[in-house]
>>> print(open('start-v1.cif').read())   # mmCIF, C-alpha atoms
data_coords
#
loop_
_atom_site.label_atom_id
_atom_site.label_comp_id
_atom_site.auth_asym_id
_atom_site.auth_seq_id
_atom_site.Cartn_x
_atom_site.Cartn_y
_atom_site.Cartn_z
CA ALA N 395 65.77 -165.36 -141.99
CA SER N 396 62.83 -166.97 -143.80
CA LEU N 397 61.12 -169.87 -142.01
CA LEU N 398 60.81 -171.57 -145.38
CA PRO N 399 63.04 -170.70 -148.36
CA GLY N 400 61.19 -168.23 -150.56
CA ALA N 401 58.12 -168.01 -148.30
CA LEU N 402 56.56 -164.68 -147.39
CA PRO N 403 56.15 -163.83 -143.70
CA VAL N 404 52.58 -163.64 -142.41
CA PRO N 405 51.88 -160.09 -141.11
CA ARG N 406 51.35 -159.66 -137.36
CA ALA N 407 49.17 -157.31 -135.30
CA PRO N 408 47.71 -157.26 -131.77
CA HIS N 409 44.43 -159.04 -131.00
CA GLY N 410 41.68 -156.54 -131.73
CA SER N 411 43.33 -155.22 -134.88
CA ALA N 412 41.02 -155.26 -137.90
CA TRP N 413 41.53 -158.15 -140.35
CA ASP N 414 40.89 -157.25 -143.99
CA GLY N 415 39.74 -160.76 -144.97
CA LYS N 416 42.08 -160.87 -147.96
CA ALA N 417 45.26 -162.45 -146.57
CA PRO N 418 46.40 -164.37 -143.47
CA LEU N 419 47.08 -162.38 -140.31
CA VAL N 420 48.68 -163.43 -137.03
CA LEU N 421 47.11 -161.80 -133.95
CA THR N 422 49.33 -161.48 -130.90
CA GLY N 423 49.14 -160.34 -127.30
CA PRO N 424 46.34 -160.73 -124.72
CA ARG N 425 42.88 -161.93 -125.75
CA ALA N 426 41.01 -160.47 -122.78
CA GLY N 427 37.90 -162.20 -121.45
CA TRP N 428 38.41 -165.34 -123.54
CA ALA N 429 38.11 -168.47 -121.40
CA PRO N 430 40.23 -170.84 -123.57
CA ARG N 431 43.35 -168.74 -122.91
CA GLU N 432 43.62 -170.74 -119.66
CA TRP N 433 43.17 -174.13 -121.33
CA GLY N 434 46.72 -175.46 -121.49
CA TRP N 435 48.22 -178.94 -121.56
CA GLY N 436 47.60 -179.66 -117.88
CA TRP N 437 44.00 -178.37 -118.01
CA PHE N 438 43.02 -180.85 -120.72
CA GLY N 439 44.74 -183.75 -119.01
CA GLU N 440 43.17 -183.05 -115.63
CA ARG N 441 39.67 -182.16 -116.83
CA HIS N 442 39.19 -184.55 -119.75
CA GLY N 443 41.93 -187.16 -119.51
CA ASP N 444 39.55 -190.16 -119.38
CA GLU N 445 37.60 -189.26 -122.52
CA PRO N 446 37.93 -191.47 -125.61
CA VAL N 447 39.41 -189.71 -128.63
CA LEU N 448 40.38 -190.65 -132.18
CA CYS N 449 43.94 -190.17 -133.49
CA LYS N 450 44.88 -190.38 -137.16
CA GLN N 451 48.06 -191.19 -139.02
CA ARG N 452 46.97 -188.77 -141.75
CA ALA N 453 45.11 -185.53 -141.34
CA PRO N 454 42.95 -184.59 -143.04
CA ILE N 455 42.00 -187.91 -144.63
CA PHE N 456 41.23 -187.24 -148.30
CA ASP N 457 39.15 -189.17 -150.80
CA GLU N 458 42.32 -190.45 -152.45
CA ASP N 459 43.28 -192.10 -149.13
CA ARG N 460 40.31 -194.45 -149.23
CA GLY N 461 41.50 -198.04 -149.34
CA ASP N 462 44.92 -197.18 -147.90
CA SER N 463 46.06 -198.69 -144.61
CA THR N 464 45.83 -195.38 -142.77
CA LEU N 465 45.93 -196.05 -139.03
CA ILE N 466 43.11 -194.48 -137.00
CA ALA N 467 43.43 -195.18 -133.29
CA GLU N 468 41.07 -194.84 -130.34
CA CYS N 469 42.46 -194.18 -126.88
CA SER N 470 41.82 -191.94 -123.91
CA LEU N 471 42.94 -188.33 -124.09
CA ARG N 472 45.37 -188.98 -121.23
CA GLU N 473 46.91 -191.89 -123.13
CA TYR N 474 47.38 -189.76 -126.22
CA MET N 475 48.94 -186.90 -124.27
CA ARG N 476 51.36 -189.30 -122.65
CA TYR N 477 52.16 -190.70 -126.11
CA ALA N 478 52.75 -187.15 -127.43
CA GLU N 479 55.20 -186.43 -124.61
CA GLU N 480 57.04 -189.72 -125.11
CA MET N 481 57.30 -189.17 -128.87
CA GLU N 482 59.80 -186.39 -128.11
CA THR N 483 62.42 -189.11 -127.61
CA ALA N 484 60.81 -192.06 -129.43
CA PRO N 485 62.44 -193.92 -132.35
CA GLU N 486 61.63 -192.38 -135.72
CA GLU N 487 60.04 -195.57 -137.06
CA LEU N 488 57.06 -195.31 -134.68
CA PRO N 489 53.88 -194.01 -136.34
CA LEU N 490 53.00 -190.35 -135.84
CA LEU N 491 49.37 -190.00 -134.79
CA TYR N 492 47.49 -186.73 -134.56
CA MET N 493 44.42 -186.04 -132.43
CA ASN N 494 42.72 -183.62 -134.78
CA GLY N 495 39.16 -182.39 -134.91
CA TRP N 496 37.96 -183.17 -131.37
CA ASP N 497 34.40 -181.83 -130.85
CA LEU N 498 35.03 -180.57 -127.32
CA PHE N 499 32.00 -178.28 -127.23
CA GLU N 500 29.66 -180.99 -128.50
CA SER N 501 30.79 -183.26 -125.69
CA HIS N 502 30.79 -180.43 -123.13
CA PRO N 503 28.35 -177.68 -124.15
CA CYS N 504 28.74 -176.21 -120.65
CA LEU N 505 32.18 -174.94 -121.75
CA TRP N 506 30.63 -172.90 -124.55
CA ASP N 507 29.76 -169.24 -124.31
CA ALA N 508 29.04 -166.65 -126.97
CA SER N 509 32.57 -165.24 -126.80
CA ILE N 510 34.35 -168.48 -127.76
CA ASP N 511 34.18 -167.98 -131.55
CA GLN N 512 34.58 -164.20 -131.52
CA ILE N 513 37.68 -162.01 -131.86
CA PRO N 514 36.30 -158.54 -131.08
CA GLY N 515 37.73 -155.82 -133.25
CA SER N 516 39.46 -158.29 -135.58
CA ILE N 517 36.62 -160.27 -137.20
CA THR N 518 32.86 -159.89 -137.52
CA ASN N 519 31.64 -163.45 -137.05
CA LEU N 520 28.13 -163.80 -138.51
CA SER N 521 27.84 -167.58 -138.19
CA THR N 522 25.23 -167.60 -135.42
CA ALA N 523 23.10 -164.92 -137.10
CA ALA N 524 23.24 -166.81 -140.41
CA TYR N 525 22.11 -170.09 -138.84
CA VAL N 526 19.28 -168.32 -137.02
CA ALA N 527 18.10 -166.83 -140.33
CA MET N 528 18.27 -170.18 -142.15
CA HIS N 529 16.47 -171.97 -139.29
CA LYS N 530 13.59 -169.54 -139.61
CA ARG N 531 13.60 -169.59 -143.41
CA PHE N 532 13.49 -173.39 -143.61
CA ARG N 533 10.89 -173.53 -140.79
CA LEU N 534 12.76 -176.23 -138.90
CA GLY N 535 10.82 -175.73 -135.69
CA GLY N 536 12.02 -175.13 -132.16
CA ASP N 537 14.14 -172.30 -130.84
CA SER N 538 16.24 -170.70 -133.61
CA LEU N 539 19.01 -169.41 -131.33
CA GLU N 540 19.38 -172.74 -129.57
CA TYR N 541 19.59 -174.49 -132.94
CA ALA N 542 22.13 -171.97 -134.26
CA THR N 543 24.28 -172.22 -131.13
CA GLY N 544 24.43 -175.99 -131.53
CA LYS N 545 25.55 -175.64 -135.13
CA VAL N 546 28.18 -173.02 -134.35
CA ARG N 547 29.62 -175.14 -131.53
CA GLN N 548 30.36 -177.77 -134.16
CA LEU N 549 32.54 -175.30 -136.06
CA CYS N 550 35.04 -175.10 -133.17
CA LYS N 551 37.37 -178.05 -132.65
CA VAL N 552 40.46 -178.94 -130.62
CA PHE N 553 43.67 -180.29 -132.14
CA ILE N 554 46.29 -181.95 -129.93
CA GLY N 555 49.48 -183.17 -131.54
CA CYS N 556 52.89 -184.62 -130.84
CA ARG N 557 56.04 -183.07 -132.28
CA GLY N 558 56.02 -183.77 -136.01
CA ALA N 559 52.24 -184.13 -136.32
CA ILE N 560 51.15 -182.63 -139.63
CA THR N 561 47.97 -181.21 -141.09
CA ARG N 562 48.36 -181.71 -144.84
CA MET N 563 47.73 -178.99 -147.42
CA HIS N 564 44.00 -178.42 -147.80
CA THR N 565 41.29 -175.79 -148.04
CA ASP N 566 38.27 -175.62 -145.72
CA ASN N 567 34.78 -176.56 -146.85
CA HIS N 568 31.79 -174.34 -147.58
CA ARG N 569 33.85 -171.20 -148.34
CA ALA N 570 34.51 -170.71 -144.63
CA HIS N 571 37.21 -168.55 -143.09
CA ALA N 572 39.16 -170.03 -140.19
CA TRP N 573 41.04 -168.90 -137.15
CA LEU N 574 43.40 -171.11 -135.15
CA SER N 575 44.55 -170.14 -131.66
CA GLN N 576 47.60 -171.72 -130.08
CA LEU N 577 46.89 -172.81 -126.50
CA HIS N 578 50.08 -174.79 -125.91
CA GLY N 579 53.35 -175.40 -127.75
CA HIS N 580 54.61 -174.06 -131.06
CA LYS N 581 53.25 -174.81 -134.51
CA LEU N 582 54.47 -173.92 -138.00
CA TYR N 583 51.82 -172.77 -140.48
CA VAL N 584 52.28 -172.58 -144.24
CA ALA N 585 49.57 -170.98 -146.39
CA ALA N 586 49.03 -170.27 -150.07
CA PRO N 587 46.48 -168.15 -152.00
CA PRO N 588 43.49 -169.88 -153.64
CA GLY N 589 44.96 -169.44 -157.11
CA GLU N 590 47.93 -171.64 -156.22
CA GLY N 591 45.80 -174.79 -156.28
CA ARG N 592 47.11 -175.70 -159.75
CA ARG N 593 50.61 -175.92 -158.25
CA ILE N 594 49.69 -177.38 -154.86
CA HIS N 595 47.45 -180.18 -156.14
CA PRO N 596 48.06 -180.24 -159.90
CA ARG N 597 46.17 -182.33 -162.41
CA ARG N 598 47.95 -185.17 -164.15
CA PRO N 599 49.08 -184.34 -167.68
CA GLY N 600 46.45 -185.54 -170.11
CA GLY N 601 43.82 -185.94 -167.39
CA GLY N 602 43.23 -188.97 -165.22
CA GLY N 603 43.10 -187.41 -161.78
CA ARG N 604 45.61 -185.38 -159.82
CA LEU N 605 49.23 -185.66 -158.78
CA PRO N 606 50.04 -185.86 -155.03
CA ARG N 607 49.52 -182.56 -153.26
CA LEU N 608 52.52 -180.51 -152.20
CA ASP N 609 54.31 -181.06 -148.91
CA PRO N 610 55.78 -177.57 -148.47
CA LEU N 611 58.51 -178.80 -146.11
CA ASP N 612 59.89 -181.15 -148.76
CA ALA N 613 62.51 -179.17 -150.70
CA SER N 614 62.55 -181.68 -153.55
CA GLN N 615 58.80 -181.30 -154.00
CA ARG N 616 58.99 -177.50 -153.98
CA ALA N 617 61.58 -177.72 -156.76
CA ALA N 618 59.61 -180.21 -158.86
CA PRO N 619 58.23 -178.78 -162.14
CA GLN N 620 54.59 -179.29 -161.16
CA HIS N 621 55.06 -177.31 -157.92
CA ALA N 622 57.78 -174.84 -158.93
CA GLY N 623 57.02 -171.18 -158.33
CA VAL N 624 54.25 -171.77 -155.79
CA GLU N 625 53.60 -168.72 -153.58
CA LEU N 626 53.86 -169.68 -149.92
CA TRP N 627 53.42 -167.74 -146.68
CA ALA N 628 54.83 -169.04 -143.38
CA THR N 629 54.77 -168.30 -139.66
CA VAL N 630 55.22 -170.00 -136.29
CA LEU N 631 52.51 -169.58 -133.66
CA SER N 632 53.41 -169.39 -129.98
CA PRO N 633 50.94 -169.85 -127.09
CA GLY N 634 48.40 -167.04 -127.04
CA GLU N 635 48.72 -166.24 -130.76
CA THR N 636 46.04 -166.69 -133.43
CA ILE N 637 46.26 -167.02 -137.20
CA VAL N 638 43.25 -165.96 -139.29
CA LEU N 639 42.93 -167.50 -142.76
CA PRO N 640 40.58 -166.31 -145.52
CA GLU N 641 38.23 -168.61 -147.39
CA GLY N 642 39.85 -170.64 -150.13
CA TRP N 643 43.41 -170.30 -148.81
CA TRP N 644 45.42 -173.50 -148.73
CA HIS N 645 47.05 -174.23 -145.39
CA TYR N 646 49.41 -176.71 -143.78
CA ALA N 647 50.58 -177.07 -140.18
CA ALA N 648 53.36 -178.93 -138.38
CA SER N 649 53.72 -179.24 -134.61
CA LEU N 650 57.22 -178.25 -133.49
CA SER N 651 56.52 -179.56 -129.97
CA PRO N 652 53.48 -181.12 -128.25
CA THR N 653 50.67 -178.70 -129.10
CA VAL N 654 47.07 -177.77 -128.31
CA THR N 655 45.21 -175.66 -130.87
CA LEU N 656 41.62 -174.38 -130.93
CA MET N 657 40.23 -173.96 -134.44
CA CYS N 658 37.04 -172.22 -135.56
CA ASN N 659 35.47 -171.90 -139.00
CA PHE N 660 33.32 -168.83 -139.51
CA TRP N 661 31.58 -166.62 -142.02
CA ASP N 662 31.47 -162.83 -142.21
CA GLN N 663 29.80 -160.37 -144.59
CA SER N 664 32.05 -161.41 -147.49
CA ASN N 665 31.04 -165.07 -147.55
CA VAL N 666 27.96 -165.53 -145.34
CA ARG N 667 25.85 -166.56 -148.34
CA ALA N 668 27.69 -169.87 -148.16
CA VAL N 669 25.52 -170.83 -145.17
CA GLU N 670 22.45 -170.58 -147.39
CA ASP N 671 24.21 -172.84 -149.90
CA ILE N 672 24.80 -175.43 -147.14
CA PHE N 673 21.10 -175.52 -146.27
CA THR N 674 20.02 -175.65 -149.90
CA GLU N 675 22.37 -178.54 -150.64
CA GLN N 676 21.27 -180.47 -147.56
CA ALA N 677 17.60 -179.91 -148.41
CA ALA N 678 18.19 -181.09 -151.98
CA ARG N 679 20.03 -184.20 -150.79
CA ALA N 680 17.33 -185.00 -148.24
CA LEU N 681 14.57 -184.56 -150.82
CA ASP N 682 16.43 -186.71 -153.35
CA GLU N 683 16.92 -189.44 -150.75
CA GLN N 684 13.24 -189.33 -149.82
CA ARG N 685 12.20 -189.56 -153.46
CA ARG N 686 14.54 -192.49 -154.11
CA GLU N 687 13.10 -194.34 -151.13
CA ALA N 688 9.56 -193.60 -152.32
CA ALA N 689 10.42 -194.79 -155.84
CA ALA N 690 11.81 -198.05 -154.46
CA LYS N 691 8.68 -198.61 -152.36
CA ALA N 692 6.39 -197.71 -155.26
CA ALA N 693 8.20 -200.17 -157.53
CA SER N 694 7.66 -202.92 -154.97
CA GLY N 695 4.05 -201.92 -154.40
CA ALA N 696 4.73 -201.11 -150.75
CA GLY N 697 4.30 -197.35 -150.84
CA PRO N 698 2.63 -194.33 -152.47
CA PRO N 699 3.66 -193.08 -155.93
CA VAL N 700 6.73 -190.85 -156.10
CA ALA N 701 4.61 -187.78 -156.89
CA ALA N 702 3.10 -188.01 -153.42
CA VAL N 703 6.42 -187.20 -151.80
CA SER N 704 6.35 -183.65 -150.41
CA ALA N 705 9.21 -181.26 -151.17
CA ALA N 706 8.90 -179.83 -147.67
CA THR N 707 10.89 -181.99 -145.27
CA SER N 708 12.22 -181.35 -141.83
CA SER N 709 15.12 -183.69 -142.59
CA ALA N 710 16.75 -180.77 -144.41
CA GLU N 711 18.67 -180.09 -141.23
CA ARG N 712 20.27 -183.54 -141.32
CA PRO N 713 24.04 -183.13 -141.73
CA ILE N 714 25.46 -184.38 -145.01
CA GLY N 715 26.68 -187.93 -144.51
CA ALA N 716 24.60 -188.50 -141.37
CA GLY N 717 23.93 -192.12 -140.67
CA GLU N 718 26.95 -193.45 -142.53
CA PRO N 719 28.93 -195.99 -140.50
CA ARG N 720 32.28 -194.81 -139.19
CA LEU N 721 34.92 -197.49 -139.53
CA TYR N 722 38.21 -197.25 -137.69
CA ARG N 723 40.82 -199.40 -136.03
CA VAL N 724 40.71 -199.37 -132.26
CA VAL N 725 44.06 -199.51 -130.53
CA HIS N 726 45.69 -198.64 -127.24
CA ALA N 727 48.76 -196.58 -126.40
CA PRO N 728 51.47 -197.17 -127.38
CA PHE N 729 49.26 -198.31 -130.25
CA VAL N 730 50.16 -201.98 -130.26
CA TYR N 731 47.03 -203.38 -128.57
CA LEU N 732 43.55 -203.93 -129.94
CA ARG N 733 40.47 -203.22 -127.81
CA ALA N 734 37.47 -205.54 -127.83
CA ALA N 735 35.14 -202.56 -128.41
CA PRO N 736 35.50 -198.84 -129.25
CA SER N 737 35.73 -197.70 -125.64
CA THR N 738 38.63 -196.98 -123.33
CA GLU N 739 36.88 -199.19 -120.76
CA ALA N 740 36.80 -202.19 -123.10
CA PRO N 741 39.09 -205.17 -122.38
CA MET N 742 42.41 -205.24 -124.19
CA LEU N 743 43.37 -207.88 -126.76
CA GLY N 744 47.14 -207.94 -127.15
CA ILE N 745 48.43 -208.17 -130.73
CA ALA N 746 52.06 -207.14 -130.25
#
>>> encode(input="start-v1.cif", output="structure tokens")
Amino acid sequence: ASLLPGALPVPRAPHGSAWDGKAPLVLTGPRAGWAPREWGWGWFGERHGDEPVLCKQRAPIFDEDRGDSTLIAECSLREYMRYAEEMETAPEELPLLYMNGWDLFESHPCLWDASIDQIPGSITNLSTAAYVAMHKRFRLGGDSLEYATGKVRQLCKVFIGCRGAITRMHTDNHRAHAWLSQLHGHKLYVAAPPGEGRRIHPRRPGGGGRLPRLDPLDASQRAAPQHAGVELWATVLSPGETIVLPEGWWHYAASLSPTVTLMCNFWDQSNVRAVEDIFTEQAARALDEQRREAAAKAASGAGPPVAAVSAATSSAERPIGAGEPRLYRVVHAPFVYLRAAPSTEAPMLGIA
């Protein structure tokens, strides 16, 4: 029987089978020599339970969510995992919060090794080589491999969710492929080809923005005229299985039980030029920012003329959006207490 009415099943093959890069593929069976295969629910709780993490009521958070009262909570990992377990029997009216996008390898680079983002025989991951090449081309200084390794670590993130936690329909940035490996629990994935965007997130008739994006588990939405006929693919991942998604594919996920997932974006021969686009865009933004600052100083008589600003700037490596303040509500499990500061060691201020 179909997991989702009308949805196509995602093909399956053993880890090590070649992925053609054109459609989703689920890889099954042992992933030999890969350290995260041992990182289950207990491992995270025991090793990293005291670390502060952010949990979101919506994931991802889109531009259209700005201004909404979306709850973003800060707690310890242990608190969230306890919350996820208790949500199995919790009243439905309690908010569902999802710990998505944890930068485990940024916090603990000692856990990283060169095999983490690879699936030998299935994908040819060129991310590290591409970052090395761009580091040298943009003359950023320092060790190119060390720089590239730091960047690639940022592409791998951990997702921990309670039953019912959802990743909404979206596509990944910068034309990147993605693989997602299930470390604990079971998760439903729904995917759609790039060309289905007009049905998944359709424009409003006559212009004026877009209609709400499709929730593929909502039968009434699937039947609505603006979404009708959308091509969907569906599968459930069990522990030890990996789904590989091509660039541009829409995807959605729902935790069927408490889950731990390791996700990695990557580029191969088909889309590696996108890394060059990232660097070019960042360099252009950095240069524009520098010129704006110089223009403001020149106008006030406090700096050199704008023409004196050099186009060569080492700030090209600055991530887009760096320096912007991150605003979020800080609360404590079971998410009815406010902390005095964004730290799990901060004193609690009861608001319930």
>>> resolve_selection(input="start-v1.cif", expression="the PyMOL selection byres ((chain N and resi 428) around 12)", output="mmCIF file with C-alpha atoms, in the frame of the given file")
data_model
loop_
_atom_site.group_PDB
_atom_site.id
_atom_site.type_symbol
_atom_site.label_atom_id
_atom_site.label_comp_id
_atom_site.auth_asym_id
_atom_site.auth_seq_id
_atom_site.Cartn_x
_atom_site.Cartn_y
_atom_site.Cartn_z
ATOM 1 C CA HIS N 409 44.430 -159.040 -131.000
ATOM 2 C CA PRO N 424 46.340 -160.730 -124.720
ATOM 3 C CA ARG N 425 42.880 -161.930 -125.750
ATOM 4 C CA ALA N 426 41.010 -160.470 -122.780
ATOM 5 C CA GLY N 427 37.900 -162.200 -121.450
ATOM 6 C CA ALA N 429 38.110 -168.470 -121.400
ATOM 7 C CA PRO N 430 40.230 -170.840 -123.570
ATOM 8 C CA ARG N 431 43.350 -168.740 -122.910
ATOM 9 C CA GLU N 432 43.620 -170.740 -119.660
ATOM 10 C CA TRP N 433 43.170 -174.130 -121.330
ATOM 11 C CA LEU N 505 32.180 -174.940 -121.750
ATOM 12 C CA TRP N 506 30.630 -172.900 -124.550
ATOM 13 C CA ASP N 507 29.760 -169.240 -124.310
ATOM 14 C CA ALA N 508 29.040 -166.650 -126.970
ATOM 15 C CA SER N 509 32.570 -165.240 -126.800
ATOM 16 C CA ILE N 510 34.350 -168.480 -127.760
ATOM 17 C CA ASP N 511 34.180 -167.980 -131.550
ATOM 18 C CA GLN N 512 34.580 -164.200 -131.520
ATOM 19 C CA ILE N 513 37.680 -162.010 -131.860
ATOM 20 C CA PRO N 514 36.300 -158.540 -131.080
ATOM 21 C CA SER N 575 44.550 -170.140 -131.660
ATOM 22 C CA LEU N 577 46.890 -172.810 -126.500
ATOM 23 C CA GLY N 634 48.400 -167.040 -127.040
#
>>> residues_around(input="start-v1.cif", residues="Asp566 of chain N", least_positions_apart="4", cutoff="10 Å", atoms="all atoms listed in the file", output="NGL selection string")
:N and (570-572 or 639-645 or 659)
>>> closest_residue(input="start-v1.cif", among="N:Asp662, N:Leu520, N:Asp537, N:Glu670", to="Gly415 of chain N", atoms="all atoms listed in the file")
N:Asp662
>>> atom_distance(input="start-v1.cif", atom1="atom CA of Trp496 of chain N", atom2="atom CA of Val630 of chain N")
22.3 Å
>>> closest_residue(input="start-v1.cif", among="N:Ala542, N:Ala648, N:Ala453, N:Met528", to="Leu491 of chain N", atoms="only C-alpha atoms")
N:Ala453
>>> residues_around(input="start-v1.cif", residues="Ile455 of chain N", least_positions_apart="4", cutoff="9 Å", atoms="all atoms listed in the file", output="mmCIF file with C-alpha atoms, in the frame of the given file")
data_model
loop_
_atom_site.group_PDB
_atom_site.id
_atom_site.type_symbol
_atom_site.label_atom_id
_atom_site.label_comp_id
_atom_site.auth_asym_id
_atom_site.auth_seq_id
_atom_site.Cartn_x
_atom_site.Cartn_y
_atom_site.Cartn_z
ATOM 1 C CA LYS N 450 44.880 -190.380 -137.160
ATOM 2 C CA GLN N 451 48.060 -191.190 -139.020
ATOM 3 C CA ASP N 459 43.280 -192.100 -149.130
ATOM 4 C CA ARG N 460 40.310 -194.450 -149.230
ATOM 5 C CA THR N 464 45.830 -195.380 -142.770
ATOM 6 C CA ARG N 562 48.360 -181.710 -144.840
#
>>> residues_around(input="start-v1.cif", residues="Ala622 of chain N", least_positions_apart="2", cutoff="12 Å", atoms="all atoms listed in the file", output="list of chain:residue names")
N:Gly400, N:Glu590, N:Arg592, N:Arg593, N:Ile594, N:His595, N:Pro596, N:Leu608, N:Pro610, N:Ala613, N:Ser614, N:Gln615, N:Arg616, N:Ala617, N:Ala618, N:Pro619, N:Gln620, N:Val624, N:Glu625, N:Leu626
>>> atom_distance(input="start-v1.cif", atom1="atom CA of Pro588 of chain N", atom2="atom CA of Ile554 of chain N")
26.8 Å
>>> residues_near_point(input="start-v1.cif", point="(14.3, -174.9, -136.1)", cutoff="12 Å", atoms="all atoms listed in the file", output="VMD selection string")
chain N and resid 525 to 545 708 to 712
>>> atom_distance(input="start-v1.cif", atom1="atom CA of Met563 of chain N", atom2="atom CA of Arg597 of chain N")
15.4 Å
>>> residues_around(input="start-v1.cif", residues="His578 of chain N", least_positions_apart="4", cutoff="10 Å", atoms="only C-alpha atoms", output="list in words")
Arg431, Glu432, Trp433, Gly434, Trp435, Gly436, Ile554, Leu631, Ser632, Pro633, Gly634, Glu635, Ser651, Pro652, Thr653, Val654, Thr655 and Leu656 of chain N
>>> write_last_selection(input="start-v1.cif", atoms="C-alpha atoms", output="JSON list (two decimals), keeping the file's coordinate frame")
[["chain", "number", "residue", "atom", "x", "y", "z"],
["N", 431, "ARG", "CA", 43.35, -168.74, -122.91],
["N", 432, "GLU", "CA", 43.62, -170.74, -119.66],
["N", 433, "TRP", "CA", 43.17, -174.13, -121.33],
["N", 434, "GLY", "CA", 46.72, -175.46, -121.49],
["N", 435, "TRP", "CA", 48.22, -178.94, -121.56],
["N", 436, "GLY", "CA", 47.60, -179.66, -117.88],
["N", 554, "ILE", "CA", 46.29, -181.95, -129.93],
["N", 631, "LEU", "CA", 52.51, -169.58, -133.66],
["N", 632, "SER", "CA", 53.41, -169.39, -129.98],
["N", 633, "PRO", "CA", 50.94, -169.85, -127.09],
["N", 634, "GLY", "CA", 48.40, -167.04, -127.04],
["N", 635, "GLU", "CA", 48.72, -166.24, -130.76],
["N", 651, "SER", "CA", 56.52, -179.56, -129.97],
["N", 652, "PRO", "CA", 53.48, -181.12, -128.25],
["N", 653, "THR", "CA", 50.67, -178.70, -129.10],
["N", 654, "VAL", "CA", 47.07, -177.77, -128.31],
["N", 655, "THR", "CA", 45.21, -175.66, -130.87],
["N", 656, "LEU", "CA", 41.62, -174.38, -130.93]]
>>> resolve_selection(input="start-v1.cif", expression="the PyMOL selection byres ((chain N and resi 470-477) around 7)", output="count of residues only")
15
>>> closest_residue(input="start-v1.cif", among="N:Arg686, N:Lys691, N:Lys581, N:Arg667", to="Ala524 of chain N", atoms="all atoms listed in the file")
N:Arg667
>>> resolve_selection(input="start-v1.cif", expression="the PyMOL selection byres ((chain N and resi 419) around 9)", output="number ranges by chain")
N: 404-407, 413-415, 417-418, 420-421, 636-639
>>> closest_residue(input="start-v1.cif", among="N:Pro399, N:Pro599, N:Gly579, N:Gly591", to="Arg557 of chain N", atoms="all atoms listed in the file")
N:Gly579
>>> axis_aligned_box(input="start-v1.cif", around="segment 597-609 of chain N", padding_each_side="5 Å", output="lines of an AutoDock Vina configuration file")
center_x = 48.7
center_y = -184.7
center_z = -159.5
size_x = 21.2
size_y = 18.5
size_z = 31.2
